Structures are given as structure tokens and as C-alpha cells.
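J.: Have a look at this one.
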Protein chains: 2
Amino acid sequence: MPDAADPAPMNARRKFRREGEERRRQDLIEATLDSVAEYGLQGATLRTIALRAGVTAGLIRHYFPGKEELLQEAYTALVSRMTEQAKAALVMENATPRQRLAAFVTANLNAPIIDARVFSLWATFIGRASADPTLARAHREGYLGFRNEVEAAVAEVLAAEQRKPDTSELRHHAIAINAIIDGLWIEGCLAGEMFSPGELAAIGIKAVEAELGLAPEKGGNQ
Amino acid sequence: MPDAADPAPMNARRKFRREGEERRRQDLIEATLDSVAEYGLQGATLRTIALRAGVTAGLIRHYFPGKEELLQEAYTALVSRMTEQAKAALVMENATPRQRLAAFVTANLNAPIIDARVFSLWATFIGRASADPTLARAHREGYLGFRNEVEAAVAEVLAAEQRKPDTSELRHHAIAINAIIDGLWIEGCLAGEMFSPGELAAIGIKAVEAELGLAPEKGGNQ
DNA sequence: GGGCTTGTTGCGCAAGTGTATAAATAGCCT
DNA sequence: AGGCTATTTATACACTTGCGCAACAAGCCC
């Protein structure tokens, strides 16, 4: 194929489409998270990110002042996505407080929250939090929101059991339960194949109920 | 100051001392951990590391094939240091199994194991584990060793209580307790100032004992 | 003390980084 | 259809990075 009118001149400029601003920003953030998860913060170069987003590197600067801001927005998006998914499990109706708490634990110990990619991202970013106040703040807000949800759920469970914990006791329960969920989440993300499906959730529910001093449920806890 | 016999000729080569190989390697690894904790994997350049170790960058290649190997050795050193410190708390004599388990929990939830720098390092490296088999293996070995210690300690506690758990029950207890310790460790490292001294350890011990179904100790649990 | 080994320095290099900026073109408005 | 604007590309630039290499000197051995 030596000749013929070349429909694509060799020095052709790349074709492109103009996307809406919101769409582009979201695509870039998603491409950033993908790159960070796969290559780490060092491997997530502007060119890598742009390639994955299907644009050229220069465009990033049109939407973000610099790489740092892009990373910060990506982390913020990640945190809010994680906590929202988690808290969504709490809005169940026609369920006892205890069932809702159990559902919350279960939701947090299965896909999509148990996920190696999300964990990798979480760890990568949080490792920089102590040196980057912006990241630290994003984490702090997500964490406190999460713990408050736990504390509220615990309060309802105990109230349904006619128990009146003082604030200190309540806080300690929330901290412990938060730790149980976090710890199991890490184990599941890092070594998911070591656990059978539903096993982590079962362990988590039993541990949480033991922490709260709840009597084992009668009937089919399988 | 134009003239005078200059005792330090401007083009003087830097003075240096020859250190033993073991000493240099250890210094370089320590400098690597410092740099990673402070600047992250991206900021931990060979020049930064060398500067902190008090040598020039070129020397690193005399002791390590490349940067990657240096980082891997640094992570291995970190993991083994962490697990050794933790397990050291288990070798108490003249103590009941329950006391030894409590001491283990306490040791893991106070300095030097609760430490922002160590956490930052752990998170930074573990974030790369899913993409780097070498890091993944180093973590895996440390984790399994840790969990085995927990499982052994739990077995002794239950044996002292005349209970005979089957292997599955024992495994679940170990996983849950491991999660409790990990989760509280993270909370302490990330937000140490939110907890009063000893508070995390107290929460941890109570949670662990609840998980094992141990009756509250009579007498001064403060 | 004088050589010899080798730990150590200093410099250079090619590749890759984030950023800056000019040129092009997609797609809306009239 | 034809301009206008702002999204997008493309290129350049200064800088850093990990690595290679040759010269140097610290300190052991005789």
C-alpha cells in the first residue's frame, strides 16, 4: 500500500470531542484514581492520567491548577464515595435497630467496599495524610462522619434493649465497633481469598454483638 | 577575602569515613524509612536518602542494585521490627494467659507501636503491595506470623478457662481480635490526640474479652 | 611508611516530570 | 453558512530523577 490519497495525513492533528466541563472533570478524577491504584502516586503522572482519560496531558491544566489539586480532589471524591456507600446500608425501614446494625456491618464487609483497588487507594493517600493537611482534613471528616453513624446506630440498639449507656460508654462502643469494621475491612481487602464469602461479615457481626453484650439471637444464625 | 592560604581549597573533595558494610546498609535503610515517612515514595529520591544518611547518592548503588531493592529491604526491615516489638509483649512469665493477652493488647496500643511515622510508612508501602509481589509477600509473612501469635494466646486463655474451642472457632476469634487491634491501632495513629493515655488499650482489652466471652474481672479494672 | 583494595565521591547523561504557552479546531450562536 | 470562543492539542522548557562511570582516598596489610 504505497500510494493512494492518504485520508489521514501523517501530520494530522488528533481529532477530539468537546465534553462538558463536569464530565471531563469526573473522567479526569476517575483516571487519576485508576492510575494511582495501579502505579502509585509516583507512577500517576499527568501523561499517564491523560492517556487513561483519553485526552492529552495539557488539558489537565485547563481543569486543575496543578497536579496536587487534582490529587486532592480525587481523594476527596474517593472518601465521600466510600462513606456514602457505607452509610447507605443504614437506611433500612421495617427493621429492628439490631438488624440495621448487622446490615451495616455486612455491607461494609462485602463488595464493593471490600475491594483491593479501593484499599490500595485509601492506603496510598492516607500514607501522605500526616504530611499533607488537606488530605488529613478530608480523611478526618470522613472518619468522624462514619463514627457518628456507628454511634447513632449503637445508641438505637441499646435503647431498644432498655439500656441507658452514658456518653463515655457509648463513645467507647463506637470506637471499638469502628475498629472491628476497619480491621476486618483491611483483612478482607488484603487477603480476600483467605475468607469464604460472608465469613468476614459473620465474624464482624458476632464481634460487634459481643462488644455490645447482646445475647445471641435465637433461631437461624446459620 | 581575596587571598590568604586557604585551608579548605574550594575544589576540595569531600572528606569521608569508611564504615562497615552492615552499618552503612542499616544507615541507608533507616534514612530511606525517614525519607519515605516524610516525603512519600515520590519524595524519597536517592539524593534525599543519601543526604539524610550523610553520604552521596552514588554510594547507594554500591550497596543496593537499585532504588527498588532498597525500598523492598526497607519495608522488610520495617515489618520485622513491628512484629518483633509486638510479639515481645507476649513473653511474660509469672502471668496468667489472660494477663498476657491483655499485656499484648496494651503493648500494641501504646508507643512505640502507636506512632504516626510508623503508620505513615505502613500505609505508604501497603498501598503498593497489590501491585508489587515482593511487598505483598513481606506483608503476608508478617501478618500471618502476627495472627498465629494471637491465635496461640487465645488458645491458652480459653484452655485456662476450661473451654475447648474447635479450630474454626479459634480461627474466628483470632481474626476478630486481630481486627480489633489493627483497627484501634489505626485510630490511635491517625488521631492520637483524640484519646486519653491508656484509653485505647482499655477499649481494646474490653473488646477482646467480650469477643472471647470472658467474664469481667472482679476487682480493680479501674 | 608505602602500596592496594575498595568504599566513596563527583560528574555526566538520557529519560521523564510538571508547567507554560501558542496554535488549531469543535461546536454553538446568529 | 460562517465567524467566535473556549476546549483541546502540540510543543517547548527547565528541572529532577535513577543510573553509569572514572577518579580519588581511607585505612588495612605487609
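Letters A, B, ... mark the chains of the C-alpha cells in the order given; residue numbers begin at 1 per chain; ligand numbers begin at 1, in order shown.
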At a cut-off of 9 Å, can you tabulate as JSON lines every residue of chain D near range 1-22 of chain C together with its closest atom pair and the distance in Å to one decimal, using only C-alpha atoms (C1' of nucleotides) and ordering rows by chain then number?
T.:
```
{"residue": "D:DT11", "atom": "C1'", "partner": "C:DA22", "partner_atom": "C1'", "distance": 8.7}
{"residue": "D:DA12", "atom": "C1'", "partner": "C:DA20", "partner_atom": "C1'", "distance": 8.7}
{"residue": "D:DC13", "atom": "C1'", "partner": "C:DA20", "partner_atom": "C1'", "distance": 8.3}
{"residue": "D:DC15", "atom": "C1'", "partner": "C:DT17", "partner_atom": "C1'", "distance": 8.1}
{"residue": "D:DT16", "atom": "C1'", "partner": "C:DT17", "partner_atom": "C1'", "distance": 7.1}
{"residue": "D:DT17", "atom": "C1'", "partner": "C:DG16", "partner_atom": "C1'", "distance": 7.7}
{"residue": "D:DC19", "atom": "C1'", "partner": "C:DC13", "partner_atom": "C1'", "distance": 8.9}
{"residue": "D:DG20", "atom": "C1'", "partner": "C:DC13", "partner_atom": "C1'", "distance": 8.5}
{"residue": "D:DC21", "atom": "C1'", "partner": "C:DG12", "partner_atom": "C1'", "distance": 9.0}
{"residue": "D:DA23", "atom": "C1'", "partner": "C:DG10", "partner_atom": "C1'", "distance": 8.7}
{"residue": "D:DC24", "atom": "C1'", "partner": "C:DT9", "partner_atom": "C1'", "distance": 7.4}
{"residue": "D:DA25", "atom": "C1'", "partner": "C:DT8", "partner_atom": "C1'", "distance": 8.4}
{"residue": "D:DA26", "atom": "C1'", "partner": "C:DG7", "partner_atom": "C1'", "distance": 8.2}
{"residue": "D:DC28", "atom": "C1'", "partner": "C:DT5", "partner_atom": "C1'", "distance": 8.7}
{"residue": "D:DC29", "atom": "C1'", "partner": "C:DC4", "partner_atom": "C1'", "distance": 8.9}
```
J.: Keeping only N, CA and C atoms (P, O5', C5', C4', C3', O3' and C1' of nucleotides), write the selected residues to a file as a compact mmCIF listing (two decimals), in the first residue's frame.
T.:
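What landed in out-v9.txt:
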```
# COMPACT_ATOMS: atom_id res chain seq x y z
P DT D 11 3.89 18.39 17.67
O5' DT D 11 4.92 19.43 18.28
C5' DT D 11 4.66 20.81 18.12
C4' DT D 11 5.35 21.62 19.21
C3' DT D 11 6.73 21.08 19.61
O3' DT D 11 7.68 22.11 19.40
C1' DT D 11 5.44 21.65 21.50
P DA D 12 9.28 21.83 19.53
O5' DA D 12 9.65 22.86 20.70
C5' DA D 12 8.87 24.04 20.84
C4' DA D 12 9.15 24.67 22.20
C3' DA D 12 10.55 24.41 22.73
O3' DA D 12 11.05 25.59 23.33
C1' DA D 12 8.97 23.67 24.30
P DC D 13 12.62 25.73 23.71
O5' DC D 13 12.59 25.82 25.30
C5' DC D 13 11.52 26.52 25.95
C4' DC D 13 11.57 26.25 27.43
C3' DC D 13 12.97 25.85 27.92
O3' DC D 13 13.27 26.56 29.10
C1' DC D 13 11.37 24.27 28.63
P DC D 15 15.68 25.92 36.03
O5' DC D 15 15.37 24.55 36.77
C5' DC D 15 14.02 24.24 37.12
C4' DC D 15 13.85 22.74 37.31
C3' DC D 15 15.00 22.07 38.07
O3' DC D 15 14.53 21.70 39.35
C1' DC D 15 14.20 20.75 36.24
P DT D 16 15.52 21.16 40.46
O5' DT D 16 15.16 19.60 40.53
C5' DT D 16 13.80 19.20 40.56
C4' DT D 16 13.66 17.73 40.23
C3' DT D 16 14.64 16.83 40.99
O3' DT D 16 13.90 15.86 41.70
C1' DT D 16 14.60 16.31 38.67
P DT D 17 14.60 14.88 42.68
O5' DT D 17 14.62 13.48 41.93
C5' DT D 17 13.43 12.96 41.32
C4' DT D 17 13.80 11.86 40.36
C3' DT D 17 14.88 10.92 40.88
O3' DT D 17 14.29 9.82 41.49
C1' DT D 17 15.23 11.55 38.56
P DC D 19 17.77 2.96 39.67
O5' DC D 19 19.01 3.24 38.71
C5' DC D 19 18.81 3.26 37.31
C4' DC D 19 20.09 3.69 36.60
C3' DC D 19 21.34 2.89 36.98
O3' DC D 19 21.83 2.24 35.82
C1' DC D 19 21.78 5.22 36.95
P DG D 20 23.04 1.20 35.87
O5' DG D 20 24.26 2.02 35.23
C5' DG D 20 24.07 2.64 33.97
C4' DG D 20 25.34 3.35 33.54
C3' DG D 20 26.61 2.56 33.82
O3' DG D 20 27.49 2.71 32.70
C1' DG D 20 26.70 4.66 34.94
P DC D 21 28.83 1.81 32.59
O5' DC D 21 29.97 2.87 32.92
C5' DC D 21 29.79 4.23 32.55
C4' DC D 21 30.91 5.08 33.13
C3' DC D 21 32.18 4.31 33.52
O3' DC D 21 33.30 5.06 33.12
C1' DC D 21 31.42 5.54 35.36
P DA D 23 39.87 8.10 34.92
O5' DA D 23 40.13 9.00 36.22
C5' DA D 23 39.48 10.27 36.29
C4' DA D 23 39.26 10.64 37.75
C3' DA D 23 40.52 10.58 38.62
O3' DA D 23 40.57 11.75 39.41
C1' DA D 23 38.80 9.31 39.61
P DC D 24 41.95 12.14 40.12
O5' DC D 24 41.63 11.82 41.64
C5' DC D 24 40.50 12.43 42.26
C4' DC D 24 40.17 11.70 43.53
C3' DC D 24 41.34 11.52 44.52
O3' DC D 24 40.97 12.12 45.73
C1' DC D 24 40.05 9.56 44.35
P DA D 25 42.08 12.80 46.66
O5' DA D 25 41.90 11.94 48.00
C5' DA D 25 40.60 11.82 48.58
C4' DA D 25 40.53 10.57 49.45
C3' DA D 25 41.72 10.37 50.37
O3' DA D 25 41.27 9.75 51.55
C1' DA D 25 41.48 8.50 49.05
P DA D 26 41.13 10.61 52.91
O5' DA D 26 40.49 9.53 53.90
C5' DA D 26 39.28 8.91 53.53
C4' DA D 26 39.15 7.51 54.12
C3' DA D 26 39.92 7.22 55.39
O3' DA D 26 39.18 6.26 56.12
C1' DA D 26 40.77 5.85 53.66
P DC D 28 41.65 0.11 59.50
O5' DC D 28 42.08 -1.39 59.16
C5' DC D 28 41.30 -2.13 58.22
C4' DC D 28 42.21 -2.85 57.22
C3' DC D 28 43.27 -3.76 57.84
O3' DC D 28 43.14 -5.06 57.28
C1' DC D 28 44.24 -2.34 56.19
P DC D 29 43.84 -6.32 57.93
O5' DC D 29 45.15 -6.50 57.05
C5' DC D 29 45.01 -6.51 55.62
C4' DC D 29 46.34 -6.71 54.96
C3' DC D 29 47.35 -7.50 55.79
O3' DC D 29 48.03 -8.42 54.94
C1' DC D 29 48.29 -5.41 55.23
```
J.: Leaving out Glu209 in chain B and any residue of its chain fewer than 5 positions from it, which residues lie within 12 Å of it when counting only C-alpha atoms (C1' of nucleotides), given as a list in words?
T.: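 After dropping sequence-adjacent residues, the list is Ala207, Ala210, Glu211, Leu212 and Gly213 of chain A; Arg98, Gln99, Leu101, Ala102, Val105, Val154, Val157, Leu158, His173, Ala176, Ile177, Ile180, Ala202, Ile203, Gly204, Leu214, Ala215, Pro216 and Glu217 of chain B.
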J.: Would you give me, as a tab-separated table, each residue of chain D having an atom within 9 Å of an atom of chain A, along with its shortest atom pair and that distance in Å to one decimal, using only C-alpha atoms (C1' of nucleotides) and sorting by chain and residue number?
T.:
```
residue	atom	partner	partner_atom	distance
D:DT7	C1'	A:Arg18	CA	6.2
D:DT8	C1'	A:Leu59	CA	6.4
D:DT9	C1'	A:Thr56	CA	7.0
D:DA10	C1'	A:Arg13	CA	8.4
```
J.: Write the selection just made, keeping C-alpha atoms (C1' of nucleotides), as a compact mmCIF listing (two decimals), in the first residue's frame?
T.:
```txt
# COMPACT_ATOMS: atom_id res chain seq x y z
C1' DT D 7 -11.81 23.42 24.75
C1' DT D 8 -8.16 20.73 23.23
C1' DT D 9 -3.78 19.61 21.10
C1' DA D 10 1.01 20.08 20.48
```
J.: Neighbours of Asn108 in chain B within 8 Å (only C-alpha atoms (C1' of nucleotides); same-chain residues fewer than 6 positions away dropped), as a compact mmCIF listing (two decimals) with N, CA and C atoms, in the first residue's frame?
T.:
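Resulting contents of around_14.txt:
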```
# COMPACT_ATOMS: atom_id res chain seq x y z
N ALA B 86 5.88 -6.22 68.74
CA ALA B 86 4.57 -6.64 69.21
C ALA B 86 4.65 -7.97 69.95
N ILE B 114 2.07 2.49 68.50
CA ILE B 114 1.19 3.57 68.06
C ILE B 114 2.09 4.76 67.73
N ILE B 181 -7.36 -5.09 67.19
CA ILE B 181 -6.07 -4.45 67.44
C ILE B 181 -5.68 -3.56 66.27
N TRP B 185 -5.37 0.40 66.39
CA TRP B 185 -4.03 0.91 66.09
C TRP B 185 -4.11 2.05 65.08
```
J.: How many Å lie between CA of Pro65 in chain B and CA of Leu78 in chain B, rounded to one decimal?
T.: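 About the pair CA of Pro65 in chain B and CA of Leu78 in chain B: they are 19.6 Å apart.
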J.: Range 152-198 of chain A: which residues are helix (DSSP H, G or I) by DSSP, as a VMD selection string?
T.: chain A and resid 152 to 160 167 to 190 192 to 194
J.: Write a file of the just-selected residues containing N, CA and C atoms, as a JSON list (two decimals), in the first residue's frame.
T.:
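The new file selection.json reads:
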```json
[["chain", "number", "residue", "atom", "x", "y", "z"],
["A", 152, "ALA", "N", -24.64, 6.47, 66.49],
["A", 152, "ALA", "CA", -26.10, 6.60, 66.48],
["A", 152, "ALA", "C", -26.76, 5.23, 66.38],
["A", 153, "ALA", "N", -26.22, 4.38, 65.53],
["A", 153, "ALA", "CA", -26.80, 3.05, 65.38],
["A", 153, "ALA", "C", -26.70, 2.27, 66.69],
["A", 154, "VAL", "N", -25.56, 2.40, 67.36],
["A", 154, "VAL", "CA", -25.38, 1.70, 68.64],
["A", 154, "VAL", "C", -26.38, 2.21, 69.66],
["A", 155, "ALA", "N", -26.55, 3.52, 69.70],
["A", 155, "ALA", "CA", -27.49, 4.09, 70.67],
["A", 155, "ALA", "C", -28.88, 3.52, 70.47],
["A", 156, "GLU", "N", -29.28, 3.39, 69.22],
["A", 156, "GLU", "CA", -30.62, 2.84, 68.97],
["A", 156, "GLU", "C", -30.72, 1.38, 69.40],
["A", 157, "VAL", "N", -29.67, 0.63, 69.11],
["A", 157, "VAL", "CA", -29.69, -0.79, 69.51],
["A", 157, "VAL", "C", -29.84, -0.90, 71.02],
["A", 158, "LEU", "N", -29.04, -0.14, 71.72],
["A", 158, "LEU", "CA", -29.08, -0.24, 73.19],
["A", 158, "LEU", "C", -30.41, 0.26, 73.74],
["A", 159, "ALA", "N", -30.92, 1.31, 73.13],
["A", 159, "ALA", "CA", -32.22, 1.83, 73.58],
["A", 159, "ALA", "C", -33.30, 0.77, 73.42],
["A", 160, "ALA", "N", -33.23, 0.05, 72.32],
["A", 160, "ALA", "CA", -34.22, -1.00, 72.09],
["A", 160, "ALA", "C", -34.09, -2.12, 73.11],
["A", 167, "THR", "N", -22.54, 8.78, 77.97],
["A", 167, "THR", "CA", -21.86, 9.18, 76.73],
["A", 167, "THR", "C", -20.50, 8.51, 76.59],
["A", 168, "SER", "N", -19.81, 8.35, 77.71],
["A", 168, "SER", "CA", -18.48, 7.74, 77.62],
["A", 168, "SER", "C", -18.57, 6.30, 77.15],
["A", 169, "GLU", "N", -19.54, 5.57, 77.72],
["A", 169, "GLU", "CA", -19.70, 4.17, 77.33],
["A", 169, "GLU", "C", -20.07, 4.07, 75.85],
["A", 170, "LEU", "N", -20.95, 4.94, 75.45],
["A", 170, "LEU", "CA", -21.38, 4.96, 74.06],
["A", 170, "LEU", "C", -20.20, 5.22, 73.13],
["A", 171, "ARG", "N", -19.40, 6.18, 73.51],
["A", 171, "ARG", "CA", -18.25, 6.54, 72.69],
["A", 171, "ARG", "C", -17.29, 5.35, 72.57],
["A", 172, "HIS", "N", -17.06, 4.69, 73.68],
["A", 172, "HIS", "CA", -16.15, 3.55, 73.64],
["A", 172, "HIS", "C", -16.69, 2.44, 72.75],
["A", 173, "HIS", "N", -17.97, 2.20, 72.84],
["A", 173, "HIS", "CA", -18.55, 1.19, 71.95],
["A", 173, "HIS", "C", -18.35, 1.57, 70.49],
["A", 174, "ALA", "N", -18.61, 2.82, 70.19],
["A", 174, "ALA", "CA", -18.47, 3.27, 68.80],
["A", 174, "ALA", "C", -17.03, 3.12, 68.32],
["A", 175, "ILE", "N", -16.09, 3.48, 69.18],
["A", 175, "ILE", "CA", -14.68, 3.36, 68.80],
["A", 175, "ILE", "C", -14.32, 1.89, 68.55],
["A", 176, "ALA", "N", -14.77, 1.04, 69.44],
["A", 176, "ALA", "CA", -14.44, -0.39, 69.30],
["A", 176, "ALA", "C", -15.07, -0.97, 68.05],
["A", 177, "ILE", "N", -16.33, -0.66, 67.83],
["A", 177, "ILE", "CA", -17.02, -1.22, 66.66],
["A", 177, "ILE", "C", -16.40, -0.68, 65.37],
["A", 178, "ASN", "N", -16.08, 0.57, 65.40],
["A", 178, "ASN", "CA", -15.40, 1.15, 64.25],
["A", 178, "ASN", "C", -14.09, 0.40, 63.97],
["A", 179, "ALA", "N", -13.38, 0.09, 65.03],
["A", 179, "ALA", "CA", -12.12, -0.63, 64.87],
["A", 179, "ALA", "C", -12.37, -2.02, 64.31],
["A", 180, "ILE", "N", -13.39, -2.69, 64.80],
["A", 180, "ILE", "CA", -13.69, -4.04, 64.31],
["A", 180, "ILE", "C", -13.95, -4.00, 62.81],
["A", 181, "ILE", "N", -14.78, -3.06, 62.40],
["A", 181, "ILE", "CA", -15.11, -2.97, 60.98],
["A", 181, "ILE", "C", -13.87, -2.62, 60.16],
["A", 182, "ASP", "N", -13.13, -1.63, 60.61],
["A", 182, "ASP", "CA", -11.92, -1.24, 59.88],
["A", 182, "ASP", "C", -10.94, -2.40, 59.78],
["A", 183, "GLY", "N", -10.71, -3.03, 60.90],
["A", 183, "GLY", "CA", -9.72, -4.11, 60.91],
["A", 183, "GLY", "C", -10.12, -5.25, 60.00],
["A", 184, "LEU", "N", -11.38, -5.64, 60.05],
["A", 184, "LEU", "CA", -11.84, -6.72, 59.17],
["A", 184, "LEU", "C", -11.83, -6.27, 57.71],
["A", 185, "TRP", "N", -12.13, -5.02, 57.51],
["A", 185, "TRP", "CA", -12.10, -4.49, 56.15],
["A", 185, "TRP", "C", -10.70, -4.64, 55.56],
["A", 186, "ILE", "N", -9.72, -4.28, 56.34],
["A", 186, "ILE", "CA", -8.34, -4.40, 55.86],
["A", 186, "ILE", "C", -8.00, -5.85, 55.58],
["A", 187, "GLU", "N", -8.34, -6.73, 56.50],
["A", 187, "GLU", "CA", -8.03, -8.14, 56.29],
["A", 187, "GLU", "C", -8.69, -8.65, 55.02],
["A", 188, "GLY", "N", -9.92, -8.25, 54.82],
["A", 188, "GLY", "CA", -10.63, -8.71, 53.64],
["A", 188, "GLY", "C", -10.04, -8.16, 52.36],
["A", 189, "CYS", "N", -9.66, -6.90, 52.37],
["A", 189, "CYS", "CA", -9.09, -6.29, 51.17],
["A", 189, "CYS", "C", -7.74, -6.89, 50.84],
["A", 190, "LEU", "N", -6.93, -7.13, 51.85],
["A", 190, "LEU", "CA", -5.56, -7.58, 51.62],
["A", 190, "LEU", "C", -5.48, -9.08, 51.35],
["A", 192, "GLY", "N", -8.42, -11.30, 50.61],
["A", 192, "GLY", "CA", -9.80, -11.71, 50.43],
["A", 192, "GLY", "C", -9.97, -13.20, 50.19],
["A", 193, "GLU", "N", -9.01, -13.80, 49.51],
["A", 193, "GLU", "CA", -9.17, -15.21, 49.16],
["A", 193, "GLU", "C", -8.99, -16.13, 50.36],
["A", 194, "MET", "N", -8.57, -15.58, 51.48],
["A", 194, "MET", "CA", -8.41, -16.41, 52.67],
["A", 194, "MET", "C", -9.73, -16.60, 53.41]]
```
J.: Could you check which of A:Ala12, A:Leu46, A:Leu200, A:Leu41 is closest to chain C, using only C-alpha atoms (C1' of nucleotides)?
T.: A:Leu46
J.: How many Å separate CA of Phe146 in chain B from CA of Thr83 in chain B?
T.: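 Distance between the two atoms: 6.5 Å.
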J.: Write out as a ChimeraX atom specification each polymer residue whose atoms come within 10 Å of Glu30 in chain A, counting only C-alpha atoms (C1' of nucleotides); drop sequence neighbours fewer than 2 positions from it.
T.: /A:24-28,32-36,49,52-53,74,77-78
J.: May I have the residues within 12 Å of Glu38 in chain A as a PDB file with C-alpha atoms, in the first residue's frame, using only C-alpha atoms (C1' of nucleotides) and disregarding those fewer than 3 positions away in the same chain?
T.:
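File produced: around-v6.pdb:
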```pdb
ATOM      1  CA  ALA A  31      -8.476   8.296  35.539  1.00  0.00           C
ATOM      2  CA  THR A  32      -6.405   9.701  38.387  1.00  0.00           C
ATOM      3  CA  LEU A  33      -7.763   7.167  40.854  1.00  0.00           C
ATOM      4  CA  ASP A  34      -7.149   4.367  38.380  1.00  0.00           C
ATOM      5  CA  SER A  35      -3.581   5.477  37.798  1.00  0.00           C
ATOM      6  CA  LEU A  41       1.477   8.253  43.442  1.00  0.00           C
ATOM      7  CA  GLN A  42       4.785   8.277  41.629  1.00  0.00           C
ATOM      8  CA  GLY A  43       3.542   6.395  38.613  1.00  0.00           C
ATOM      9  CA  ALA A  44       0.431   8.509  38.345  1.00  0.00           C
ATOM     10  CA  THR A  45       1.972  11.102  36.060  1.00  0.00           C
ATOM     11  CA  THR A  48      -0.460   8.526  32.355  1.00  0.00           C
ATOM     12  CA  ILE A  49      -3.623  10.045  33.711  1.00  0.00           C
ATOM     13  CA  ARG A  52      -6.275   6.830  30.524  1.00  0.00           C
ATOM     14  CA  ALA A 116      -8.389  -4.298  46.662  1.00  0.00           C
ATOM     15  CA  ARG A 117      -8.337  -1.239  44.426  1.00  0.00           C
ATOM     16  CA  VAL A 118     -10.162   0.943  46.918  1.00  0.00           C
ATOM     17  CA  PHE A 119      -7.912  -0.251  49.697  1.00  0.00           C
ATOM     18  CA  SER A 120      -4.819   0.473  47.689  1.00  0.00           C
ATOM     19  CA  LEU A 121      -6.075   3.984  47.071  1.00  0.00           C
ATOM     20  CA  THR A 124      -1.687   5.345  49.340  1.00  0.00           C
TER      21      THR A 124
ATOM     22  CA  GLY B 127      -0.670   0.766  49.214  1.00  0.00           C
ATOM     23  CA  ARG B 128       1.810  -0.605  46.704  1.00  0.00           C
ATOM     24  CA  ALA B 129       1.540  -4.187  47.893  1.00  0.00           C
ATOM     25  CA  SER B 130      -1.230  -5.166  45.499  1.00  0.00           C
ATOM     26  CA  ALA B 131       0.956  -4.143  42.574  1.00  0.00           C
ATOM     27  CA  ASP B 132       4.293  -5.316  43.930  1.00  0.00           C
TER      28      ASP B 132
END
```
